[in-house]
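Colleague: One file: protein03.cif (mmCIF, C-alpha atoms).
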data_model
loop_
_atom_site.label_atom_id
_atom_site.label_comp_id
_atom_site.auth_asym_id
_atom_site.auth_seq_id
_atom_site.Cartn_x
_atom_site.Cartn_y
_atom_site.Cartn_z
CA MET A 1 0.00 0.00 0.00
CA ASN A 2 1.44 3.37 -0.99
CA ARG A 3 1.64 6.11 1.61
CA PRO A 4 3.15 9.59 1.68
CA LEU A 5 6.94 9.46 1.69
CA LYS A 6 7.08 11.47 4.91
CA GLN A 7 4.92 8.94 6.76
CA SER A 8 6.93 6.01 5.42
CA VAL A 9 10.19 7.66 6.54
CA ARG A 10 8.72 8.34 9.99
CA ASP A 11 7.55 4.75 10.38
CA HIS A 12 10.94 3.49 9.28
CA ILE A 13 12.98 5.70 11.61
CA GLU A 14 10.68 5.17 14.59
CA LEU A 15 11.35 1.44 14.44
CA TYR A 16 14.73 2.20 15.98
CA GLU A 17 14.50 2.16 19.76
CA LEU A 18 16.94 2.03 22.63
CA ASP A 19 16.17 -0.94 24.87
CA ASP A 20 15.84 -0.63 28.65
CA ASP A 21 19.42 -1.67 29.28
CA GLN A 22 20.79 0.96 26.90
CA LEU A 23 18.49 3.63 28.36
CA HIS A 24 19.66 2.82 31.89
CA LYS A 25 23.29 3.13 30.85
CA LEU A 26 22.76 6.50 29.17
CA GLU A 27 20.65 7.82 32.03
CA SER A 28 23.32 6.82 34.52
CA LEU A 29 25.84 8.72 32.43
CA GLY A 30 24.08 11.94 33.43
CA GLY A 31 24.60 11.06 37.10
CA GLN A 32 28.18 9.85 36.77
CA LEU A 33 29.69 12.75 34.88
CA ALA A 34 29.31 16.17 36.39
CA PRO A 35 29.50 19.11 33.99
CA ALA A 36 33.05 20.46 33.79
CA PRO A 37 33.63 24.09 34.74
CA ASP A 38 34.17 26.39 31.79
CA ARG A 39 37.54 27.89 30.84
CA ARG A 40 39.41 26.20 33.65
CA VAL A 41 42.74 24.52 33.01
CA SER A 42 43.62 22.06 35.74
CA VAL A 43 45.23 18.71 36.32
CA TYR A 44 41.89 17.24 35.33
CA GLY A 45 42.30 18.77 31.89
CA PHE A 46 45.60 16.99 31.38
CA ALA A 47 44.22 13.76 32.80
CA LEU A 48 41.26 14.05 30.48
CA ALA A 49 43.52 14.75 27.51
CA GLY A 50 45.57 11.67 28.40
CA ALA A 51 42.45 9.57 28.73
CA VAL A 52 41.11 10.85 25.42
CA ALA A 53 44.47 10.16 23.73
CA ALA A 54 44.49 6.63 25.16
CA PHE A 55 40.91 6.17 24.08
CA LEU A 56 41.63 7.41 20.56
CA LEU A 57 44.67 5.14 20.31
CA ALA A 58 42.62 2.17 21.44
CA PHE A 59 39.72 3.27 19.25
CA PHE A 60 41.77 3.33 16.07
CA LEU A 61 44.03 0.35 16.74
CA THR A 62 41.62 -2.08 18.31
CA PRO A 63 39.23 -2.22 15.32
CA LEU A 64 42.08 -3.52 13.17
CA LEU A 65 42.46 -6.47 15.50
CA VAL A 66 38.87 -7.25 16.34
CA GLU A 67 37.02 -6.08 13.24
CA THR A 68 35.90 -9.55 12.21
CA ASP A 69 34.58 -10.39 15.64
CA ASN A 70 32.80 -7.06 15.82
CA VAL A 71 31.10 -7.63 12.51
CA ARG A 72 29.88 -11.03 13.62
CA GLU A 73 28.61 -9.64 16.90
CA ARG A 74 26.87 -6.77 15.14
CA ILE A 75 25.18 -9.16 12.74
CA ALA A 76 24.08 -11.39 15.61
CA MET A 77 22.76 -8.42 17.56
CA GLU A 78 20.78 -7.07 14.61
CA VAL A 79 19.35 -10.50 13.78
CA ALA A 80 18.42 -11.28 17.40
CA THR A 81 16.84 -7.86 17.90
CA ASN A 82 14.67 -8.23 14.83
CA HIS A 83 13.86 -11.83 15.73
CA ILE A 84 12.49 -10.65 19.07
CA LYS A 85 10.42 -7.92 17.39
CA LEU A 86 8.87 -10.55 15.09
CA LYS A 87 7.39 -8.02 12.72
CA PRO A 88 4.51 -9.21 10.51
CA LEU A 89 5.27 -11.35 7.48
CA GLU A 90 4.74 -9.76 4.07
CA ILE A 91 4.43 -13.12 2.33
CA GLU A 92 3.34 -16.46 3.71
CA THR A 93 4.61 -19.45 1.79
CA HIS A 94 6.14 -22.87 2.41
CA SER A 95 8.16 -22.98 -0.79
CA ILE A 96 11.36 -21.34 -1.97
CA ASP A 97 9.61 -20.65 -5.29
CA GLY A 98 7.00 -18.64 -3.41
CA ILE A 99 9.81 -16.73 -1.72
CA ARG A 100 11.52 -16.07 -5.06
CA ASP A 101 8.26 -14.88 -6.59
CA TYR A 102 7.82 -12.30 -3.86
CA PHE A 103 11.43 -11.16 -3.33
CA LYS A 104 12.09 -9.75 -6.77
CA LYS A 105 13.57 -6.44 -5.67
CA LEU A 106 16.69 -7.94 -4.12
CA ASP A 107 20.20 -7.82 -5.57
CA PHE A 108 20.38 -11.60 -5.21
CA ILE A 109 18.19 -14.67 -5.69
CA PRO A 110 16.99 -16.33 -2.47
CA VAL A 111 18.10 -19.95 -2.31
CA SER A 112 17.47 -23.05 -0.24
CA SER A 113 20.16 -23.71 2.34
CA LYS A 114 21.48 -27.25 2.73
CA LEU A 115 22.13 -26.55 6.38
CA VAL A 116 18.55 -25.40 6.95
CA SER A 117 17.10 -28.32 4.96
CA ASP A 118 19.24 -30.82 6.88
CA SER A 119 17.89 -29.36 10.12
CA GLY A 120 14.39 -30.29 8.95
CA LEU A 121 13.16 -26.69 9.09
CA GLU A 122 10.24 -25.62 6.91
CA LEU A 123 9.55 -22.17 5.50
CA ILE A 124 6.68 -20.09 6.84
CA GLY A 125 7.18 -16.83 4.95
CA GLY A 126 9.25 -13.67 4.92
CA ARG A 127 9.60 -9.91 4.70
CA TYR A 128 12.03 -7.40 3.26
CA CYS A 129 14.68 -6.30 5.69
CA SER A 130 18.32 -5.28 5.81
CA LEU A 131 21.45 -6.57 7.51
CA GLN A 132 24.21 -4.08 8.31
CA GLY A 133 22.61 -1.76 5.77
CA ILE A 134 22.48 -4.36 2.99
CA THR A 135 19.05 -5.29 1.68
CA ALA A 136 18.12 -8.76 2.87
CA ALA A 137 15.33 -11.31 2.96
CA GLN A 138 14.16 -12.02 6.48
CA LEU A 139 12.56 -15.47 6.41
CA ARG A 140 10.78 -17.39 9.15
CA VAL A 141 11.25 -21.12 9.53
CA ARG A 142 10.22 -23.78 12.05
CA LYS A 143 10.31 -27.50 12.58
CA PRO A 144 7.08 -29.10 11.30
CA GLY A 145 4.46 -29.10 14.05
CA SER A 146 6.57 -26.88 16.30
CA HIS A 147 5.46 -23.52 17.64
CA VAL A 148 9.04 -22.31 17.95
CA ILE A 149 9.70 -19.87 15.13
CA GLN A 150 13.23 -19.19 13.95
CA THR A 151 14.41 -16.25 11.87
CA LEU A 152 16.61 -16.85 8.85
CA TYR A 153 18.35 -13.97 7.09
CA GLN A 154 19.70 -14.22 3.57
CA THR A 155 21.66 -11.48 1.91
CA GLU A 156 24.34 -10.92 -0.66
CA TYR A 157 27.75 -11.85 0.81
CA ARG A 158 29.82 -8.67 0.51
CA LYS A 159 33.28 -9.09 1.96
CA ASP A 160 33.74 -5.34 2.25
CA VAL A 161 30.84 -5.25 4.70
CA PHE A 162 30.86 -8.68 6.36
CA ASP A 163 34.60 -9.50 6.30
CA ASP A 164 35.58 -13.17 6.36
CA MET A 165 32.81 -15.57 7.26
CA PRO A 166 32.81 -19.38 7.39
CA VAL A 167 31.99 -20.79 3.96
CA LEU A 168 30.02 -24.03 4.03
CA GLU A 169 31.36 -25.24 0.69
CA GLU A 170 34.92 -24.94 2.03
CA GLY A 171 34.13 -27.25 4.93
CA HIS A 172 33.79 -24.50 7.54
CA GLU A 173 31.30 -24.73 10.38
CA PRO A 174 28.88 -21.84 11.02
CA VAL A 175 29.99 -19.43 13.71
CA ALA A 176 27.62 -19.28 16.69
CA ILE A 177 27.17 -16.02 18.62
CA TYR A 178 24.98 -15.71 21.71
CA VAL A 179 23.10 -12.45 22.24
CA LYS A 180 19.98 -11.59 24.20
CA GLY A 181 19.48 -15.27 25.11
CA ILE A 182 19.44 -16.24 21.46
CA LYS A 183 21.97 -18.29 19.55
CA VAL A 184 22.67 -16.90 16.09
CA ASN A 185 24.46 -19.10 13.57
CA ILE A 186 26.19 -17.25 10.73
CA TRP A 187 27.67 -18.76 7.60
CA VAL A 188 28.11 -18.32 3.86
CA GLU A 189 26.51 -20.75 1.44
CA LYS A 190 26.01 -20.52 -2.32
CA GLY A 191 27.50 -17.01 -2.28
CA LEU A 192 24.96 -15.69 0.21
CA LEU A 193 25.35 -14.78 3.85
CA PHE A 194 22.95 -16.65 6.14
CA ALA A 195 22.07 -15.93 9.76
CA LEU A 196 19.74 -18.27 11.63
CA THR A 197 18.40 -17.81 15.15
CA ASP A 198 18.13 -20.78 17.46
CA LEU A 199 17.48 -21.47 21.10
CA PRO A 200 20.65 -21.84 23.17
CA ASP A 201 21.88 -25.45 23.31
CA ASP A 202 20.64 -25.96 26.87
CA GLN A 203 17.07 -25.34 25.75
CA ASN A 204 17.10 -27.51 22.62
CA MET B 1 17.39 22.91 29.09
CA ASP B 2 19.14 21.17 31.99
CA ASN B 3 20.75 17.73 32.22
CA VAL B 4 17.59 16.15 33.51
CA THR B 5 15.80 17.10 30.31
CA ILE B 6 18.48 15.96 27.86
CA PHE B 7 18.63 12.59 29.64
CA GLU B 8 14.89 12.01 29.55
CA ARG B 9 13.96 8.87 27.69
CA PRO B 10 11.95 10.42 24.82
CA VAL B 11 14.87 12.79 24.12
CA LEU B 12 17.38 9.93 24.22
CA GLN B 13 15.21 7.91 21.82
CA ARG B 14 14.98 10.93 19.51
CA LEU B 15 18.74 11.39 19.48
CA TYR B 16 19.32 7.65 19.00
CA ARG B 17 17.06 7.67 15.94
CA PHE B 18 19.10 10.51 14.54
CA GLY B 19 22.20 8.36 15.09
CA CYS B 20 20.54 5.42 13.34
CA THR B 21 19.73 7.70 10.42
CA LEU B 22 23.41 8.52 9.98
CA CYS B 23 24.94 5.14 10.76
CA THR B 24 22.31 2.55 9.71
CA ASN B 25 24.05 0.27 12.19
CA GLN B 26 22.37 0.39 15.58
CA ASP B 27 25.48 -0.37 17.63
CA ASP B 28 27.38 2.44 15.92
CA ALA B 29 24.43 4.76 16.57
CA TYR B 30 24.47 3.90 20.26
CA ASP B 31 28.23 4.50 20.50
CA LEU B 32 27.82 7.80 18.69
CA LEU B 33 25.11 8.92 21.09
CA GLN B 34 27.09 7.91 24.15
CA TYR B 35 30.14 9.79 22.88
CA ALA B 36 28.05 12.90 22.19
CA LEU B 37 26.42 12.84 25.63
CA GLU B 38 29.82 12.58 27.30
CA LYS B 39 31.04 15.54 25.26
CA TYR B 40 27.89 17.44 26.11
CA LEU B 41 28.47 16.89 29.81
CA GLN B 42 32.12 17.92 29.55
CA HIS B 43 31.71 21.02 27.43
CA GLY B 44 28.13 21.84 26.54
CA ALA B 45 26.04 21.64 29.67
CA ASN B 46 27.11 25.12 30.79
CA ARG B 47 26.19 26.79 27.54
CA LYS B 48 23.70 29.57 27.96
CA HIS B 49 22.27 29.74 24.46
CA GLY B 50 20.83 27.37 21.88
CA SER B 51 19.04 24.06 21.99
CA ASP B 52 20.79 21.24 23.84
CA VAL B 53 19.27 18.64 21.50
CA ALA B 54 20.61 20.48 18.47
CA TYR B 55 23.99 20.78 20.19
CA VAL B 56 24.19 17.03 20.86
CA ARG B 57 23.07 16.31 17.30
CA THR B 58 25.89 18.51 16.01
CA ILE B 59 28.45 16.60 18.12
CA MET B 60 27.08 13.33 16.72
CA ARG B 61 27.24 14.62 13.17
CA ASN B 62 30.79 15.94 13.47
CA ARG B 63 31.99 12.71 15.03
CA PHE B 64 30.23 10.67 12.35
CA ILE B 65 31.90 12.69 9.60
CA ASP B 66 35.34 12.31 11.23
CA ASP B 67 34.94 8.55 11.59
CA TYR B 68 33.71 7.95 8.08
CA ARG B 69 36.26 10.19 6.49
CA LYS B 70 38.95 8.13 8.18
CA SER B 71 37.42 4.85 7.10
CA ASN B 72 37.07 6.06 3.51
CA ARG B 73 33.39 5.36 3.58
CA PHE B 74 32.48 9.02 3.49
CA PRO B 75 30.40 9.84 0.43
CA GLN B 76 32.47 11.76 -2.07
CA GLU B 77 29.57 13.03 -4.19
CA SER B 78 29.71 16.72 -4.82
CA TYR B 79 26.75 19.02 -4.68
CA ASP B 80 26.58 21.97 -6.97
CA ASP B 81 25.55 24.72 -4.58
CA SER B 82 25.39 27.40 -7.23
CA SER B 83 23.14 25.59 -9.67
CA PRO B 84 19.64 26.98 -9.82
CA VAL B 85 17.25 24.56 -8.15
CA ALA B 86 13.63 25.43 -8.77
CA ILE B 87 12.37 23.29 -5.93
CA ASP B 88 11.99 23.34 -2.18
CA GLU B 89 11.31 20.78 0.51
CA THR B 90 7.63 20.60 -0.48
CA CYS B 91 8.61 18.73 -3.65
CA LEU B 92 8.93 15.62 -1.48
CA GLU B 93 5.40 16.01 -0.14
CA ASP B 94 3.70 14.56 -3.21
CA VAL B 95 5.80 11.40 -3.35
CA VAL B 96 4.04 8.24 -2.22
CA ILE B 97 5.76 4.94 -1.60
CA ALA B 98 5.07 1.51 -0.15
CA GLN B 99 6.82 0.77 3.15
CA ALA B 100 8.70 -2.19 1.65
CA ASP B 101 9.95 0.03 -1.17
CA LEU B 102 11.06 2.70 1.29
CA GLU B 103 13.19 0.10 3.09
CA ILE B 104 15.00 -0.55 -0.20
CA VAL B 105 15.37 3.10 -1.20
CA TRP B 106 16.59 3.98 2.31
CA GLY B 107 19.56 1.68 1.88
CA LYS B 108 20.52 3.46 -1.33
CA LEU B 109 20.61 6.96 0.16
CA ASP B 110 23.90 8.26 1.49
CA PRO B 111 24.16 9.48 5.11
CA PHE B 112 23.73 13.14 4.14
CA GLU B 113 20.57 12.36 2.23
CA ARG B 114 19.18 10.28 5.09
CA GLU B 115 19.99 13.15 7.45
CA ILE B 116 17.95 15.55 5.31
CA MET B 117 15.09 13.05 5.30
CA TYR B 118 15.30 12.83 9.10
CA TYR B 119 15.06 16.59 9.57
CA TRP B 120 12.26 16.85 7.03
CA ALA B 121 10.14 13.92 8.21
CA ILE B 122 10.83 13.69 11.95
CA GLU B 123 11.74 17.24 12.95
CA GLU B 124 9.40 18.83 10.35
CA MET B 125 12.08 21.36 9.36
CA THR B 126 12.06 23.56 6.28
CA ALA B 127 15.05 23.74 3.95
CA GLU B 128 16.06 27.00 5.63
CA GLU B 129 15.97 25.40 9.09
CA ILE B 130 17.86 22.34 7.87
CA SER B 131 20.55 24.53 6.35
CA ARG B 132 21.03 26.26 9.70
CA GLN B 133 21.11 22.93 11.53
CA ILE B 134 23.79 21.39 9.30
CA ASP B 135 25.60 24.68 8.75
CA ALA B 136 25.36 24.48 4.97
CA PRO B 137 23.97 26.89 2.39
CA ARG B 138 20.27 26.56 1.62
CA GLY B 139 21.25 25.79 -1.97
CA THR B 140 23.13 22.71 -0.81
CA VAL B 141 20.09 21.49 1.09
CA LEU B 142 17.87 22.07 -1.94
CA SER B 143 20.34 20.22 -4.15
CA ARG B 144 20.24 17.27 -1.81
CA ILE B 145 16.45 17.36 -1.68
CA TYR B 146 16.39 17.40 -5.46
CA ARG B 147 18.77 14.45 -5.55
CA ILE B 148 16.70 12.53 -3.01
CA ARG B 149 13.54 13.04 -5.04
CA LYS B 150 15.38 11.98 -8.19
CA LYS B 151 16.71 8.83 -6.50
CA VAL B 152 13.34 7.87 -5.05
CA THR B 153 11.38 8.50 -8.21
CA SER B 154 13.95 6.81 -10.42
CA GLU B 155 13.83 3.74 -8.18
CA LEU B 156 10.05 3.79 -8.42
CA GLY B 157 10.25 4.37 -12.13
CA THR B 158 12.47 1.36 -12.81
CA GLY B 159 9.53 -0.92 -12.23
CA GLU B 160 11.57 -2.81 -9.67
CA LEU B 161 9.55 -1.32 -6.88
CA SER B 162 5.86 -1.77 -6.46
CA GLY B 163 5.00 1.84 -5.64
CA GLY B 164 4.66 4.99 -7.66
CA TYR B 165 4.55 8.69 -7.19
CA GLN B 166 2.11 11.41 -7.90
CA THR B 167 2.98 14.67 -9.52
#
Here is the file; what I need is its structure written in the form of structure tokens.

Modeller:
Amino acid sequence: MNRPLKQSVRDHIELYELDDDQLHKLESLGGQLAPAPDRRVSVYGFALAGAVAAFLLAFFLTPLLVETDNVRERIAMEVATNHIKLKPLEIETHSIDGIRDYFKKLDFIPVSSKLVSDSGLELIGGRYCSLQGITAAQLRVRKPGSHVIQTLYQTEYRKDVFDDMPVLEEGHEPVAIYVKGIKVNIWVEKGLLFALTDLPDDQN
Amino acid sequence: MDNVTIFERPVLQRLYRFGCTLCTNQDDAYDLLQYALEKYLQHGANRKHGSDVAYVRTIMRNRFIDDYRKSNRFPQESYDDSSPVAIDETCLEDVVIAQADLEIVWGKLDPFEREIMYYWAIEEMTAEEISRQIDAPRGTVLSRIYRIRKKVTSELGTGELSGGYQT
């Protein structure tokens, strides 16, 4: 359904929300840091400059070392957050053909995953989404007869955005990241990046 | 506005959404907001003039530009400020789009264009007000608005998207 651009932009932006934990942290910031007096050079100024310099050094060097891990954690966080929101499906279908028929505006063709098929998961449907700013298909899957819904992302595997990820065809195992009580498996298969939510092992 | 106000939840959510508009990545947006609030507490809380929200937004924007310039992901497109642009922000008012299509178009806008969309749609600013907020000539803002409209309508016009626009 078409709507005014302004309304669509509002609805899109207002989907972004700080969670309670983040709000608490930011609110406590106001209590922890007292406003600094203006135009006053003191030992605190030098200490602050040193701290800022150390922070900047760490800020620019650390990403070089932990970039891959950060990307994986960011993907897991985004997938888990959207899995919890469980926004309405735009298409309901049990077949990959039905998915392909609907997702025609993507820069890739949605495919069946061997890993997902081997897990005995069946498709329920999907919706347009994005992962780290790249347009993606957000699919829902479940085991037949189960009420537990899992979220499966598929998107174009861009190394400039996602860095190195385990490639199924090269014998790699998916990487598992735990966030918000959800296990997120991430891997590359058939040239696409996949991310699948699951319950932590102790609940399976 | 005192500290209590800037740290109220609706204000924090508003600033976070601005961060998400720039970054697209929610973790980066959170980090950007936290950095800006710390800077605000260190240097801006004693200011006597101007809006605190606008001040924090400016810190976020400047930091975002610094970071992205360093990571070479900063958009290098140039905007011709002197070219006559016979439009204003109202030229976006007649565009209609499906939500799913907006999600796709949104990913194709650069951070500056998304920022303009934020000020236009969320803060209800005019081109003049946006130009003051981002400290750029009004002509630059109008050029970006023109480019946004062109991008949106050309995406709609390709037939790839389901929506359309009215003129």

Colleague: Return the neighbours of chain A among the residues of chain B, cut-off 8 Å, counting all atoms listed in the file, as a ChimeraX atom specification.

Modeller: /B:3-4,7-9,12-13,16-17,20-21,24-27,34,37-38,41-43,45-46,92-100,102-104,107,117-118,120-122,160-161,163-164

Colleague: Let me know the residues the PyMOL selection byres ((chain B and resi 58) around 12) catches in the file above, as a PyMOL selection string.

Modeller: chain B and resi 15+18-19+22+32-33+35-37+39-40+44+50-57+59-65+115+132-135

Colleague: For the residues in that selection, give me C-alpha atoms as a compact mmCIF listing (two decimals), in the coordinates of the input.

Modeller:
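Once everything was written out, this is out_27.txt:
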# COMPACT_ATOMS: atom_id res chain seq x y z
CA LEU B 15 18.74 11.39 19.48
CA PHE B 18 19.10 10.51 14.54
CA GLY B 19 22.20 8.36 15.09
CA LEU B 22 23.41 8.52 9.98
CA LEU B 32 27.82 7.80 18.69
CA LEU B 33 25.11 8.92 21.09
CA TYR B 35 30.14 9.79 22.88
CA ALA B 36 28.05 12.90 22.19
CA LEU B 37 26.42 12.84 25.63
CA LYS B 39 31.04 15.54 25.26
CA TYR B 40 27.89 17.44 26.11
CA GLY B 44 28.13 21.84 26.54
CA GLY B 50 20.83 27.37 21.88
CA SER B 51 19.04 24.06 21.99
CA ASP B 52 20.79 21.24 23.84
CA VAL B 53 19.27 18.64 21.50
CA ALA B 54 20.61 20.48 18.47
CA TYR B 55 23.99 20.78 20.19
CA VAL B 56 24.19 17.03 20.86
CA ARG B 57 23.07 16.31 17.30
CA ILE B 59 28.45 16.60 18.12
CA MET B 60 27.08 13.33 16.72
CA ARG B 61 27.24 14.62 13.17
CA ASN B 62 30.79 15.94 13.47
CA ARG B 63 31.99 12.71 15.03
CA PHE B 64 30.23 10.67 12.35
CA ILE B 65 31.90 12.69 9.60
CA GLU B 115 19.99 13.15 7.45
CA ARG B 132 21.03 26.26 9.70
CA GLN B 133 21.11 22.93 11.53
CA ILE B 134 23.79 21.39 9.30
CA ASP B 135 25.60 24.68 8.75

Colleague: For the atom pair atom CA of A:Lys159 and atom CA of A:Gly191, what is the interatomic distance in Å to one decimal place?

Modeller: 10.7 Å

Colleague: Interatomic distance between atom CA of A:His172 and atom CA of A:Trp187?

Modeller: 8.4 Å

Colleague: State, in Å with one decimal place, the distance from atom CA of A:Val184 to atom CA of A:Gly120.

Modeller: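 Computing the Euclidean distance for atom CA of A:Val184 and atom CA of A:Gly120 yields 17.3 Å.
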
Colleague: Report as an mmCIF file with C-alpha atoms, in the frame of the given file all protein, DNA and RNA residues lying within 9 Å of A:Phe162, evaluated on only C-alpha atoms, omitting residues in the same chain fewer than 4 positions from it.

Modeller:
data_model
loop_
_atom_site.group_PDB
_atom_site.id
_atom_site.type_symbol
_atom_site.label_atom_id
_atom_site.label_comp_id
_atom_site.auth_asym_id
_atom_site.auth_seq_id
_atom_site.Cartn_x
_atom_site.Cartn_y
_atom_site.Cartn_z
ATOM 1 C CA THR A 68 35.900 -9.550 12.210
ATOM 2 C CA VAL A 71 31.100 -7.630 12.510
ATOM 3 C CA ARG A 72 29.880 -11.030 13.620
ATOM 4 C CA ILE A 75 25.180 -9.160 12.740
ATOM 5 C CA GLN A 132 24.210 -4.080 8.310
ATOM 6 C CA TYR A 157 27.750 -11.850 0.810
ATOM 7 C CA ARG A 158 29.820 -8.670 0.510
ATOM 8 C CA LEU A 193 25.350 -14.780 3.850
#

Colleague: Is it possible to get the axis-aligned box enclosing stretch 106-117 of chain B (all listed atoms, 5 Å extra per side) as JSON, with centre and edge lengths in Å rounded to one decimal?

Modeller:
{"center_x": 19.6, "center_y": 8.6, "center_z": 3.1, "size_x": 19.1, "size_y": 23.9, "size_z": 18.8}

Colleague: Please list, as a PDB file with C-alpha atoms, in the coordinates of the input, the residues that have an atom at most 7 Å away from (7.2, -22.3, 2.3) in the coordinates of this file, counting only C-alpha atoms.

Modeller:
ATOM      1  CA  THR A  93       4.610 -19.450   1.790  1.00  0.00           C
ATOM      2  CA  HIS A  94       6.140 -22.870   2.410  1.00  0.00           C
ATOM      3  CA  SER A  95       8.160 -22.980  -0.790  1.00  0.00           C
ATOM      4  CA  ILE A  96      11.360 -21.340  -1.970  1.00  0.00           C
ATOM      5  CA  GLY A  98       7.000 -18.640  -3.410  1.00  0.00           C
ATOM      6  CA  GLU A 122      10.240 -25.620   6.910  1.00  0.00           C
ATOM      7  CA  LEU A 123       9.550 -22.170   5.500  1.00  0.00           C
ATOM      8  CA  ILE A 124       6.680 -20.090   6.840  1.00  0.00           C
ATOM      9  CA  GLY A 125       7.180 -16.830   4.950  1.00  0.00           C
TER      10      GLY A 125
END

Colleague: For the structure shown, which residues end up in the PyMOL selection byres ((chain A and resi 190) around 10)? Put them as a list in words, please?

Modeller: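 When the PyMOL selection byres ((chain A and resi 190) around 10) is applied to the shown file, the picked residues are Pro110, Val111, Ser112, Ser113, Lys114, Glu156, Tyr157, Val167, Leu168, Glu169, Val188, Glu189, Gly191, Leu192, Leu193 and Phe194 of chain A.
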
Colleague: Selected by the PyMOL selection byres ((chain A and resi 197) around 8) in the shown coordinates: which residues, as a VMD selection string?

Modeller: chain A and resid 79 to 80 83 150 to 152 182 to 185 195 to 196 198 to 199

Colleague: Would you fill out stretch 86-97 of chain A with N, CA, C and O atoms and return it as a PDB file, in the frame of the given file?

Modeller:
ATOM      1  N   LEU A  86       9.783  -9.692  15.865  1.00  0.00           N
ATOM      2  CA  LEU A  86       8.870 -10.550  15.090  1.00  0.00           C
ATOM      3  C   LEU A  86       7.826  -9.718  14.339  1.00  0.00           C
ATOM      4  O   LEU A  86       6.625  -9.871  14.550  1.00  0.00           O
ATOM      5  N   LYS A  87       8.307  -8.860  13.488  1.00  0.00           N
ATOM      6  CA  LYS A  87       7.390  -8.020  12.720  1.00  0.00           C
ATOM      7  C   LYS A  87       6.583  -8.867  11.738  1.00  0.00           C
ATOM      8  O   LYS A  87       7.014  -9.954  11.351  1.00  0.00           O
ATOM      9  N   PRO A  88       5.405  -8.381  11.330  1.00  0.00           N
ATOM     10  CA  PRO A  88       4.510  -9.210  10.510  1.00  0.00           C
ATOM     11  C   PRO A  88       5.160  -9.638   9.189  1.00  0.00           C
ATOM     12  O   PRO A  88       5.950  -8.910   8.597  1.00  0.00           O
ATOM     13  N   LEU A  89       4.779 -10.841   8.759  1.00  0.00           N
ATOM     14  CA  LEU A  89       5.270 -11.350   7.480  1.00  0.00           C
ATOM     15  C   LEU A  89       4.591 -10.583   6.344  1.00  0.00           C
ATOM     16  O   LEU A  89       3.430 -10.205   6.446  1.00  0.00           O
ATOM     17  N   GLU A  90       5.332 -10.369   5.270  1.00  0.00           N
ATOM     18  CA  GLU A  90       4.740  -9.760   4.070  1.00  0.00           C
ATOM     19  C   GLU A  90       4.249 -10.833   3.113  1.00  0.00           C
ATOM     20  O   GLU A  90       3.377 -10.584   2.296  1.00  0.00           O
ATOM     21  N   ILE A  91       4.839 -12.011   3.190  1.00  0.00           N
ATOM     22  CA  ILE A  91       4.430 -13.120   2.330  1.00  0.00           C
ATOM     23  C   ILE A  91       4.429 -14.392   3.174  1.00  0.00           C
ATOM     24  O   ILE A  91       5.352 -14.614   3.950  1.00  0.00           O
ATOM     25  N   GLU A  92       3.378 -15.164   3.029  1.00  0.00           N
ATOM     26  CA  GLU A  92       3.340 -16.460   3.710  1.00  0.00           C
ATOM     27  C   GLU A  92       3.433 -17.554   2.660  1.00  0.00           C
ATOM     28  O   GLU A  92       2.604 -17.622   1.745  1.00  0.00           O
ATOM     29  N   THR A  93       4.432 -18.375   2.749  1.00  0.00           N
ATOM     30  CA  THR A  93       4.610 -19.450   1.790  1.00  0.00           C
ATOM     31  C   THR A  93       5.496 -20.534   2.395  1.00  0.00           C
ATOM     32  O   THR A  93       6.319 -20.257   3.262  1.00  0.00           O
ATOM     33  N   HIS A  94       5.305 -21.764   1.922  1.00  0.00           N
ATOM     34  CA  HIS A  94       6.140 -22.870   2.410  1.00  0.00           C
ATOM     35  C   HIS A  94       7.207 -23.245   1.393  1.00  0.00           C
ATOM     36  O   HIS A  94       7.986 -24.166   1.640  1.00  0.00           O
ATOM     37  N   SER A  95       7.221 -22.554   0.252  1.00  0.00           N
ATOM     38  CA  SER A  95       8.160 -22.980  -0.790  1.00  0.00           C
ATOM     39  C   SER A  95       9.171 -21.888  -1.135  1.00  0.00           C
ATOM     40  O   SER A  95       8.877 -20.691  -1.032  1.00  0.00           O
ATOM     41  N   ILE A  96      10.336 -22.305  -1.563  1.00  0.00           N
ATOM     42  CA  ILE A  96      11.360 -21.340  -1.970  1.00  0.00           C
ATOM     43  C   ILE A  96      10.927 -20.640  -3.256  1.00  0.00           C
ATOM     44  O   ILE A  96      11.276 -19.480  -3.479  1.00  0.00           O
ATOM     45  N   ASP A  97      10.130 -21.314  -4.075  1.00  0.00           N
ATOM     46  CA  ASP A  97       9.610 -20.650  -5.290  1.00  0.00           C
ATOM     47  C   ASP A  97       8.698 -19.487  -4.907  1.00  0.00           C
ATOM     48  O   ASP A  97       8.727 -18.432  -5.531  1.00  0.00           O
TER      49      ASP A  97
END
